[in-house]
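Engineer: For reference, this is query-v4.cif, and it has mmCIF, C-alpha atoms.
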data_input
loop_
_atom_site.label_atom_id
_atom_site.label_comp_id
_atom_site.auth_asym_id
_atom_site.auth_seq_id
_atom_site.Cartn_x
_atom_site.Cartn_y
_atom_site.Cartn_z
CA MET E 1007 0.95 -15.56 -30.45
CA ARG E 1008 -0.65 -13.61 -27.59
CA VAL E 1009 0.72 -13.01 -24.10
CA LEU E 1010 -1.31 -12.60 -20.89
CA LEU E 1011 0.58 -11.16 -17.91
CA ILE E 1012 -1.29 -11.46 -14.62
CA ASP E 1013 -0.52 -9.35 -11.56
CA GLY E 1014 -0.74 -12.32 -9.22
CA LEU E 1015 -0.85 -10.66 -5.82
CA ASN E 1016 -3.35 -8.09 -7.07
CA LEU E 1017 -5.69 -10.88 -8.11
CA ILE E 1018 -5.14 -12.94 -4.96
CA ARG E 1019 -5.61 -10.07 -2.50
CA ARG E 1020 -8.79 -8.89 -4.21
CA VAL E 1021 -10.22 -12.39 -4.15
CA TYR E 1022 -9.18 -12.87 -0.51
CA ALA E 1023 -10.90 -9.62 0.49
CA GLY E 1024 -14.16 -10.87 -0.96
CA VAL E 1025 -14.20 -14.39 0.47
CA PRO E 1026 -15.73 -14.78 3.95
CA VAL E 1027 -13.24 -16.62 6.15
CA ALA E 1028 -14.92 -19.62 7.70
CA ASP E 1029 -14.60 -20.49 11.39
CA ASP E 1030 -12.95 -23.72 10.34
CA PRO E 1031 -9.45 -22.75 9.07
CA GLY E 1032 -9.34 -25.74 6.75
CA SER E 1033 -12.65 -24.81 5.16
CA GLY E 1034 -11.58 -21.17 4.81
CA HIS E 1035 -8.33 -22.24 3.18
CA GLU E 1036 -10.14 -24.38 0.63
CA ALA E 1037 -12.61 -21.60 -0.21
CA ILE E 1038 -9.88 -19.03 -0.80
CA VAL E 1039 -7.75 -21.34 -2.96
CA LYS E 1040 -10.79 -22.37 -5.00
CA SER E 1041 -11.93 -18.75 -5.44
CA CYS E 1042 -8.47 -17.69 -6.62
CA VAL E 1043 -8.37 -20.50 -9.18
CA LEU E 1044 -11.87 -19.64 -10.42
CA SER E 1045 -10.87 -15.99 -10.78
CA LEU E 1046 -7.75 -16.96 -12.71
CA GLN E 1047 -9.71 -19.32 -14.97
CA ARG E 1048 -12.19 -16.52 -15.68
CA ALA E 1049 -9.32 -14.24 -16.70
CA LEU E 1050 -8.01 -16.95 -19.03
CA ARG E 1051 -11.44 -17.43 -20.63
CA LEU E 1052 -11.96 -13.71 -21.19
CA GLN E 1053 -8.44 -13.09 -22.49
CA PRO E 1054 -7.26 -16.26 -24.28
CA ALA E 1055 -3.51 -16.35 -24.82
CA THR E 1056 -0.81 -18.69 -26.04
CA HIS E 1057 1.56 -17.66 -23.24
CA VAL E 1058 0.48 -16.88 -19.66
CA VAL E 1059 2.56 -15.82 -16.66
CA CYS E 1060 1.36 -15.02 -13.15
CA VAL E 1061 3.87 -12.44 -11.87
CA MET E 1062 4.37 -12.03 -8.12
CA ASP E 1063 6.00 -9.30 -6.04
CA SER E 1064 9.44 -10.12 -4.69
CA ARG E 1065 9.49 -11.12 -1.04
CA SER E 1066 12.52 -8.88 -0.48
CA PRO E 1067 12.03 -5.08 -0.18
CA SER E 1068 11.32 -3.21 -3.40
CA TRP E 1069 13.78 -0.64 -4.72
CA ARG E 1070 10.90 1.85 -4.49
CA LEU E 1071 10.77 1.45 -0.73
CA LYS E 1072 14.47 2.22 -0.52
CA ALA E 1073 14.01 5.32 -2.67
CA TYR E 1074 10.85 6.49 -0.87
CA PRO E 1075 10.39 5.05 2.65
CA ASP E 1076 6.73 6.13 2.82
CA TYR E 1077 5.86 4.12 -0.30
CA LYS E 1078 2.64 2.16 0.35
CA LYS E 1079 2.91 3.09 4.04
CA ASN E 1080 -0.88 3.54 4.21
CA ARG E 1081 -1.54 -0.07 3.17
CA SER E 1082 -2.21 -2.76 5.72
CA PRO E 1083 0.33 -5.60 5.66
CA MET E 1084 -0.61 -8.91 4.10
CA PRO E 1085 -2.61 -10.96 6.61
CA ASP E 1086 -0.59 -13.85 8.05
CA GLU E 1087 -3.40 -16.16 7.05
CA LEU E 1088 -3.11 -15.17 3.39
CA ARG E 1089 0.67 -15.43 3.51
CA ASP E 1090 0.25 -19.01 4.72
CA TYR E 1091 -2.16 -19.74 1.85
CA LEU E 1092 0.08 -18.39 -0.94
CA PRO E 1093 2.07 -21.60 -1.61
CA LYS E 1094 -1.18 -23.58 -1.91
CA ILE E 1095 -2.69 -20.98 -4.23
CA LEU E 1096 0.38 -20.94 -6.49
CA ASP E 1097 0.42 -24.75 -6.51
CA ALA E 1098 -3.22 -24.69 -7.62
CA PHE E 1099 -2.35 -22.20 -10.39
CA ARG E 1100 0.45 -24.51 -11.52
CA ASN E 1101 -1.99 -27.40 -11.63
CA ILE E 1102 -4.04 -25.59 -14.28
CA GLY E 1103 -0.94 -24.73 -16.29
CA VAL E 1104 -0.07 -21.23 -15.06
CA ARG E 1105 3.33 -20.78 -13.45
CA ALA E 1106 4.27 -17.96 -11.12
CA ALA E 1107 7.39 -15.85 -11.56
CA GLU E 1108 9.15 -13.28 -9.40
CA VAL E 1109 12.42 -11.36 -9.54
CA ASP E 1110 14.28 -10.54 -6.35
CA GLY E 1111 13.92 -6.90 -5.30
CA LEU E 1112 11.31 -6.09 -7.95
CA GLU E 1113 7.57 -5.63 -7.75
CA ALA E 1114 5.30 -7.46 -10.14
CA ASP E 1115 4.73 -4.14 -11.95
CA ASP E 1116 8.43 -3.91 -12.84
CA VAL E 1117 8.54 -7.42 -14.26
CA ILE E 1118 5.21 -7.10 -16.08
CA GLY E 1119 6.25 -3.78 -17.59
CA THR E 1120 9.54 -5.21 -18.81
CA LEU E 1121 7.96 -8.30 -20.36
CA ALA E 1122 5.14 -6.30 -21.96
CA GLN E 1123 7.56 -3.80 -23.46
CA GLU E 1124 9.82 -6.53 -24.84
CA ALA E 1125 6.82 -8.32 -26.35
CA SER E 1126 5.54 -5.06 -27.84
CA GLU E 1127 8.90 -4.33 -29.44
CA ALA E 1128 8.78 -7.79 -31.00
CA GLY E 1129 5.29 -7.07 -32.36
CA ILE E 1130 3.56 -9.49 -29.98
CA ASP E 1131 0.12 -8.60 -28.65
CA THR E 1132 -0.01 -8.53 -24.86
CA VAL E 1133 -2.75 -8.09 -22.26
CA ILE E 1134 -1.88 -7.05 -18.70
CA SER E 1135 -4.40 -8.22 -16.10
CA THR E 1136 -4.23 -5.93 -13.06
CA GLY E 1137 -6.19 -3.50 -10.93
CA ASP E 1138 -3.32 -1.00 -10.98
CA LYS E 1139 -4.03 2.11 -13.06
CA ASP E 1140 -0.28 2.84 -13.28
CA MET E 1141 0.00 0.10 -15.90
CA THR E 1142 -2.12 2.06 -18.38
CA GLN E 1143 1.00 4.12 -19.18
CA LEU E 1144 2.22 1.05 -21.13
CA VAL E 1145 -0.80 0.78 -23.43
CA ASN E 1146 0.01 1.00 -27.14
CA LYS E 1147 -1.04 -0.75 -30.34
CA HIS E 1148 0.29 -4.07 -28.98
CA ILE E 1149 -0.47 -3.70 -25.24
CA LYS E 1150 -3.86 -3.55 -23.53
CA VAL E 1151 -4.78 -3.53 -19.85
CA VAL E 1152 -7.71 -5.48 -18.40
CA ASN E 1153 -9.05 -4.85 -14.89
CA THR E 1154 -8.66 -7.97 -12.74
CA MET E 1155 -12.07 -7.68 -11.12
CA ASN E 1156 -14.50 -6.01 -13.54
CA SER E 1157 -12.85 -7.15 -16.82
CA GLU E 1158 -12.79 -3.61 -18.26
CA LEU E 1159 -10.38 -3.78 -21.23
CA LEU E 1160 -8.51 -0.61 -22.15
CA ASP E 1161 -6.78 0.08 -25.44
CA GLU E 1162 -5.26 3.45 -26.38
CA LYS E 1163 -8.65 5.08 -26.99
CA GLY E 1164 -10.04 3.50 -23.82
CA VAL E 1165 -7.25 4.97 -21.68
CA GLU E 1166 -7.80 8.44 -23.15
CA LYS E 1167 -11.57 8.19 -22.59
CA LYS E 1168 -11.15 7.03 -18.98
CA PHE E 1169 -8.44 9.45 -17.84
CA GLY E 1170 -8.65 12.29 -20.36
CA VAL E 1171 -5.07 11.87 -21.56
CA LYS E 1172 -3.23 9.45 -23.84
CA PRO E 1173 -1.22 6.56 -22.34
CA GLU E 1174 2.10 8.33 -22.83
CA LEU E 1175 0.90 11.11 -20.48
CA ILE E 1176 -0.41 8.84 -17.71
CA ILE E 1177 2.90 9.03 -15.82
CA ASP E 1178 2.65 12.85 -15.83
CA TYR E 1179 -1.03 12.69 -14.92
CA LEU E 1180 -0.31 10.54 -11.86
CA ALA E 1181 2.63 12.74 -10.88
CA LEU E 1182 0.25 15.72 -10.80
CA VAL E 1183 -2.77 14.14 -9.05
CA GLY E 1184 -0.82 11.69 -6.88
CA ASP E 1185 -1.72 8.09 -6.14
CA SER E 1186 -3.30 7.46 -2.76
CA SER E 1187 -3.12 3.67 -3.18
CA ASP E 1188 0.69 3.91 -3.19
CA ASN E 1189 0.82 6.83 -0.71
CA VAL E 1190 2.41 9.02 -3.37
CA PRO E 1191 1.52 12.71 -3.04
CA GLY E 1192 0.69 14.82 -6.07
CA VAL E 1193 0.83 18.55 -6.58
CA GLU E 1194 -1.15 20.40 -3.92
CA LYS E 1195 -4.67 21.42 -5.02
CA VAL E 1196 -4.29 19.70 -8.41
CA GLY E 1197 -7.08 17.24 -9.16
CA PRO E 1198 -7.87 15.21 -12.27
CA LYS E 1199 -9.61 18.07 -14.13
CA THR E 1200 -6.74 20.50 -13.62
CA ALA E 1201 -4.16 17.86 -14.48
CA VAL E 1202 -5.93 16.99 -17.73
CA LYS E 1203 -6.33 20.67 -18.62
CA TRP E 1204 -2.62 21.36 -18.08
CA LEU E 1205 -1.46 18.27 -19.93
CA ILE E 1206 -3.67 18.92 -22.93
CA GLU E 1207 -2.54 22.55 -23.01
CA TYR E 1208 1.17 22.06 -22.33
CA GLY E 1209 1.91 18.40 -23.00
#
Go ahead and express the file in the form of structure tokens.
Structural biologist:
Amino acid sequence: MRVLLIDGLNLIRRVYAGVPVADDPGSGHEAIVKSCVLSLQRALRLQPATHVVCVMDSRSPSWRLKAYPDYKKNRSPMPDELRDYLPKILDAFRNIGVRAAEVDGLEADDVIGTLAQEASEAGIDTVISTGDKDMTQLVNKHIKVVNTMNSELLDEKGVEKKFGVKPELIIDYLALVGDSSDNVPGVEKVGPKTAVKWLIEYG
């Protein structure tokens, strides 16, 4: 048994950003849906699994936004065009046997993290497909993270080689250096080298 958890919106938005939108809306729609399916099929080929779930962000506000109003404030909103395409894309995913799931008020990360942790505790190997480096904090002997776009697969040693710290310290590492993609500030004047030095020295 092997589980593959796909960060659905991460995959879809990255594909959408790379597909030229045609002048003909119908043609553009078809190209984006097809490209998303091809990207998903590639992920399935590279990371074969017995159980696959495409996890989506909730359409209602995340609890993180309530706790920190500036969360992701620097990100542009989802284009209306892509929002219109989503049902068609998810239908296409369903047609190749991959269902989408979402939980009200939770981001995909929350759901993926919960499912991965439960699988790990049951001794089930799991791969998380995402472009979000936050998820590397979950990596252990049963959980790996694969980058949605470049297919880089990280196990425990891979995380330590890439960031300089073990997976269990990633949350502290990101707290120190911040995360510009989520508009989360770190500690002033602390970059990756200083963060790694402190964490290795002090834990």
Engineer: So, counting all atoms listed in the file, which residue among E:Leu1175, E:Gly1197, E:Lys1147, E:His1035 is closest to E:Leu1088?
Structural biologist: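 That would be E:His1035, the residue with the smallest distance to E:Leu1088.
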Engineer: Check the smallest atom-to-atom distance from each of E:Leu1144, E:Leu1046, E:Leu1121, E:Leu1011 to E:Ala1098 using all atoms listed in the file, then report the winner.
Structural biologist: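 Ranked by minimum distance to E:Ala1098, first place goes to E:Leu1046.
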Engineer: When you count only C-alpha atoms, which of these residues is closest to E:Ser1187: E:Gln1143, E:Ser1135, E:Ser1066, E:Ser1082?
Structural biologist: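 Smallest separation from E:Ser1187 among the options: E:Ser1082.
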Engineer: Looking at E:Asp1138, E:Glu1108, E:Asp1090, E:Asp1131, which one is nearest to E:Asn1016, with distances taken over all atoms listed in the file?
Structural biologist: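 For E:Asn1016, the nearest of the candidates is E:Asp1138.
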Engineer: Neighbouring residues of E:Ser1064 were defined as those with any atom within 12 Å, considering all atoms listed in the file; residues of the same chain fewer than 5 positions away were excluded. Please report them as a list in words.
Structural biologist: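 Result of the neighbour search: Gly1014, Leu1015, Trp1069, Ala1106, Ala1107, Glu1108, Val1109, Asp1110, Gly1111, Leu1112, Glu1113, Ala1114, Asp1115, Asp1116 and Val1117 of chain E.
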Engineer: From (-17.9, -14.8, -1.3), in the file's coordinates, out to 12 Å: which residues are reached, counting all atoms listed in the file? Answer as a ChimeraX atom specification.
Structural biologist: /E:1020-1028,1034,1037-1038,1040-1042,1044-1045
Engineer: Residues of the last selection are to be written out with C-alpha atoms, as a PDB file, keeping the file's coordinate frame.
Structural biologist:
ATOM      1  CA  ARG E1020      -8.790  -8.890  -4.210  1.00  0.00           C
ATOM      2  CA  VAL E1021     -10.220 -12.390  -4.150  1.00  0.00           C
ATOM      3  CA  TYR E1022      -9.180 -12.870  -0.510  1.00  0.00           C
ATOM      4  CA  ALA E1023     -10.900  -9.620   0.490  1.00  0.00           C
ATOM      5  CA  GLY E1024     -14.160 -10.870  -0.960  1.00  0.00           C
ATOM      6  CA  VAL E1025     -14.200 -14.390   0.470  1.00  0.00           C
ATOM      7  CA  PRO E1026     -15.730 -14.780   3.950  1.00  0.00           C
ATOM      8  CA  VAL E1027     -13.240 -16.620   6.150  1.00  0.00           C
ATOM      9  CA  ALA E1028     -14.920 -19.620   7.700  1.00  0.00           C
ATOM     10  CA  GLY E1034     -11.580 -21.170   4.810  1.00  0.00           C
ATOM     11  CA  ALA E1037     -12.610 -21.600  -0.210  1.00  0.00           C
ATOM     12  CA  ILE E1038      -9.880 -19.030  -0.800  1.00  0.00           C
ATOM     13  CA  LYS E1040     -10.790 -22.370  -5.000  1.00  0.00           C
ATOM     14  CA  SER E1041     -11.930 -18.750  -5.440  1.00  0.00           C
ATOM     15  CA  CYS E1042      -8.470 -17.690  -6.620  1.00  0.00           C
ATOM     16  CA  LEU E1044     -11.870 -19.640 -10.420  1.00  0.00           C
ATOM     17  CA  SER E1045     -10.870 -15.990 -10.780  1.00  0.00           C
TER      18      SER E1045
END
Engineer: Check what the PyMOL selection byres ((chain E and resi 1201) around 9) selects in the file above and give those residues as a PDB file with C-alpha atoms, keeping the file's coordinate frame.
Structural biologist:
ATOM      1  CA  ASP E1178       2.650  12.850 -15.830  1.00  0.00           C
ATOM      2  CA  TYR E1179      -1.030  12.690 -14.920  1.00  0.00           C
ATOM      3  CA  LEU E1180      -0.310  10.540 -11.860  1.00  0.00           C
ATOM      4  CA  LEU E1182       0.250  15.720 -10.800  1.00  0.00           C
ATOM      5  CA  VAL E1183      -2.770  14.140  -9.050  1.00  0.00           C
ATOM      6  CA  VAL E1196      -4.290  19.700  -8.410  1.00  0.00           C
ATOM      7  CA  GLY E1197      -7.080  17.240  -9.160  1.00  0.00           C
ATOM      8  CA  PRO E1198      -7.870  15.210 -12.270  1.00  0.00           C
ATOM      9  CA  LYS E1199      -9.610  18.070 -14.130  1.00  0.00           C
ATOM     10  CA  THR E1200      -6.740  20.500 -13.620  1.00  0.00           C
ATOM     11  CA  VAL E1202      -5.930  16.990 -17.730  1.00  0.00           C
ATOM     12  CA  LYS E1203      -6.330  20.670 -18.620  1.00  0.00           C
ATOM     13  CA  TRP E1204      -2.620  21.360 -18.080  1.00  0.00           C
ATOM     14  CA  LEU E1205      -1.460  18.270 -19.930  1.00  0.00           C
ATOM     15  CA  ILE E1206      -3.670  18.920 -22.930  1.00  0.00           C
TER      16      ILE E1206
END
Engineer: Would you work out the distance separating atom CA of E:Lys1150 from atom CA of E:Val1133, expressed in Å to one decimal?
Structural biologist: 4.8 Å
Engineer: Can you work out the spacing between atom CA of E:Gly1209 and atom CA of E:Leu1160 in Å, to one decimal?
Structural biologist: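 Between atom CA of E:Gly1209 and atom CA of E:Leu1160 the gap works out to 21.7 Å.
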